[in-house]
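For reference, the structure discussed in these notes is given below.
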Amino acid sequence: MNSTANLTDLTRKLAASGARLVAVSKTHTPEEILLLYQAGQRLFGENRVQELQDKQVALPADIEWHLIGHLQRNKVRFIAPFVAMIHSVDSERLLEEIDRQAQKAGRVIPVLLQVHIAAEETKFGWSPEELQAWIGSEAWKKYAHIAICGLMGMATFTDNTVQVRAEFQRLRHLFDRIKQEAFAVKPEFRELSMGMSADYEIALEEGATLVRIGSLLFGERSDAVKA
Ligand SMILES: *Cc1c(COP(=O)(O)O)cnc(C)c1O
C-alpha cells in the first residue's frame, strides 16, 4: 500500500477512539509529506530540530509540527516560534529554557512531560516517582509561557504484549493521578502520547489520545534499527 492508502486505513482505525494521529515524518522528504498533507493530514512529528526547521519552511504554514525526540536546551530557540507541541520534555532545566524562549517568541508553548516507562535504560524521561514528586512541589506553576498538556511515554521494544500493555497502563494511571492532584481545573491537561507503529493498538485500548506513527504510514525507514 502507498502512504495515502495507509493514512486512510489508520484514520479509520483511530476514528472510534477519538485519538489523533501524529504522522512521524522523520527521514522522509517534503514531497512525501506533501502527499499526506494533500490527503488531509495536518499533524506531523519530527525528532530532530534541524530537520524540523528545514521542513517547516519548505511546507505549508498550517501544518501542526510536533517535536517528539530528545531536545537539547541550546536548540529550543530554533523551534520556539512555531512548534505546536513538544512531547519530549524530560527535565526542569529544559522546561525553563522552553519557557524563556516562548516568552521571547510571545507565545505559550504546549508541552508533554516524557515519562520513562520502558525496561530499557537508554530511553529518556522522568521516572514516575520523580515526576510525581516534582508535580507535587508545584515548581511547574511558575512557567507562564508553557502549557503542560499531558504525558508522553515509549514502551519497551519487545514482542511481549503483556509487558507493553502493563507499561502503558502505568503511564495512564500516572496521568490520571497527576490530573486529579494538580490539573483538575486545567482543561489543557488531557493528552496521553503513547503508541507507535508496533504497539499503537494496545496504546489506544489503554487510553492514548495521540499516537506517533511513522513506518506504518510511510514504510520502513532506512534508519529503522537505530531509530
Ligand atoms: C520514530 C519515532 C516514532 C515512530 O516510530 P514508528 O515505529 O516508525 O512508528 C514514535 N515516537 C518517537 C519518539 C520516535 O522517535
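Chain labels run A, B, ... following the order of the C-alpha cells; each chain numbers its residues from 1, and ligands are numbered from 1 in the order shown.
A distance search around ligand 1 (8 Å at most, only C-alpha atoms and all ligand atoms) returns the following protein and nucleic acid residues: Val24, Lys26, Glu46, Asn47, Ile68, Gly69, His70, Ser88, Met154, Gly195, Met196, Ser197, Ala198, Val211, Arg212, Ile213, Gly214, Ser215, Leu216, Leu217, Glu220, Arg221, Ala224 and Ala227 of chain A.
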Let me see the file: selected residues, N, CA, C and O atoms, as a compact mmCIF listing (two decimals), in the first residue's frame.
# COMPACT_ATOMS: atom_id res chain seq x y z
N VAL A 24 4.61 10.57 11.86
CA VAL A 24 6.04 10.75 12.15
C VAL A 24 6.82 10.71 10.83
O VAL A 24 7.00 9.65 10.22
N LYS A 26 9.99 11.86 10.14
CA LYS A 26 11.46 11.91 10.20
C LYS A 26 12.06 11.05 9.08
O LYS A 26 11.54 9.97 8.80
N GLU A 46 8.41 15.23 14.19
CA GLU A 46 9.81 15.07 13.82
C GLU A 46 10.62 14.89 15.10
O GLU A 46 10.23 15.37 16.16
N ASN A 47 11.78 14.23 14.98
CA ASN A 47 12.57 14.04 16.20
C ASN A 47 13.87 14.82 16.22
O ASN A 47 14.60 14.76 17.21
N ILE A 68 9.01 15.29 18.75
CA ILE A 68 8.79 14.08 19.56
C ILE A 68 10.08 13.49 20.10
O ILE A 68 10.05 12.59 20.93
N GLY A 69 11.23 13.98 19.62
CA GLY A 69 12.51 13.40 20.03
C GLY A 69 13.22 14.24 21.08
O GLY A 69 12.80 15.36 21.39
N HIS A 70 14.31 13.70 21.58
CA HIS A 70 15.07 14.39 22.63
C HIS A 70 15.48 15.79 22.17
O HIS A 70 15.92 15.98 21.05
N SER A 88 8.65 15.81 24.38
CA SER A 88 9.81 15.14 24.98
C SER A 88 10.47 15.97 26.07
O SER A 88 11.69 16.03 26.15
N MET A 154 7.26 5.88 25.96
CA MET A 154 7.55 4.84 24.97
C MET A 154 7.70 3.52 25.70
O MET A 154 8.45 3.41 26.66
N GLY A 195 2.20 4.99 22.02
CA GLY A 195 1.90 4.09 20.91
C GLY A 195 2.60 4.52 19.64
O GLY A 195 2.58 5.69 19.27
N MET A 196 3.28 3.55 19.02
CA MET A 196 3.98 3.74 17.76
C MET A 196 3.47 2.65 16.80
O MET A 196 2.50 1.98 17.10
N SER A 197 4.13 2.50 15.65
CA SER A 197 3.61 1.54 14.66
C SER A 197 3.36 0.15 15.26
O SER A 197 2.33 -0.47 14.99
N ALA A 198 4.29 -0.31 16.08
CA ALA A 198 4.22 -1.70 16.55
C ALA A 198 3.21 -1.90 17.69
O ALA A 198 2.75 -3.01 17.89
N VAL A 211 -1.25 9.17 19.01
CA VAL A 211 -0.36 8.06 18.65
C VAL A 211 0.65 8.56 17.63
O VAL A 211 0.31 9.33 16.74
N ARG A 212 1.91 8.15 17.80
CA ARG A 212 3.01 8.66 16.95
C ARG A 212 3.43 7.55 16.00
O ARG A 212 4.08 6.59 16.40
N ILE A 213 3.02 7.68 14.74
CA ILE A 213 3.20 6.56 13.82
C ILE A 213 3.99 6.97 12.58
O ILE A 213 3.63 7.93 11.88
N GLY A 214 5.09 6.27 12.34
CA GLY A 214 5.94 6.54 11.19
C GLY A 214 5.92 5.41 10.17
O GLY A 214 5.31 5.52 9.11
N SER A 215 6.56 4.30 10.49
CA SER A 215 6.77 3.26 9.48
C SER A 215 5.48 2.64 8.96
O SER A 215 5.41 2.25 7.79
N LEU A 216 4.46 2.59 9.76
CA LEU A 216 3.20 2.03 9.29
C LEU A 216 2.55 2.91 8.22
O LEU A 216 1.76 2.45 7.41
N LEU A 217 2.91 4.19 8.21
CA LEU A 217 2.40 5.13 7.22
C LEU A 217 3.29 5.18 5.98
O LEU A 217 2.84 5.03 4.86
N GLU A 220 9.06 1.26 6.06
CA GLU A 220 10.23 1.19 6.94
C GLU A 220 11.23 2.26 6.59
O GLU A 220 11.48 2.54 5.42
N ARG A 221 11.84 2.86 7.64
CA ARG A 221 12.93 3.82 7.40
C ARG A 221 14.24 3.07 7.23
O ARG A 221 14.41 1.99 7.79
N ALA A 224 15.72 2.43 10.51
CA ALA A 224 14.73 1.83 11.42
C ALA A 224 15.38 1.17 12.65
O ALA A 224 14.83 1.22 13.73
N ALA A 227 16.56 3.96 15.08
CA ALA A 227 15.53 4.95 15.44
C ALA A 227 14.82 4.48 16.68
O ALA A 227 14.32 5.25 17.43
Identify, on the basis of only C-alpha atoms, every residue whose closest approach to Ile117 (chain A) does not exceed 8 Å; exclude the query and any residue fewer than 5 positions from it along the same chain; express the result as a list in words.
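Final neighbour list, sorted by chain and number: Ser127, Pro128, Gly153, Met154, Ala155, Thr156, Glu167, Phe168, Arg170 and Leu171 of chain A.
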Between A:Leu174, A:Ile63, A:Ile79, A:Leu35, single out the one closest to Leu113 (chain A), counting only C-alpha atoms.
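Residue with the minimum atom-to-atom distance to Leu113 (chain A): A:Leu174.
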Point out the residue among A:Asn2, A:Ala39, A:Thr8, A:Leu14 with the least atom-to-atom distance to Tyr200 (chain A), counting only C-alpha atoms.
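Among the listed residues, the smallest separation from Tyr200 (chain A) belongs to A:Leu14.
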Closest of A:Glu130, A:Phe124, A:Glu92, A:Phe218 to Lys142 (chain A) - atom-to-atom distances counting only C-alpha atoms
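Smallest distance to Lys142 (chain A) is found for A:Glu92.
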Please identify which residues in chain A DSSP calls helix (DSSP H, G or I) from the backbone, and express them as a VMD selection string.
chain A and resid 3 to 15 30 to 38 49 to 58 73 to 79 92 to 104 128 to 136 139 to 142 161 to 182 200 to 205 215 to 218
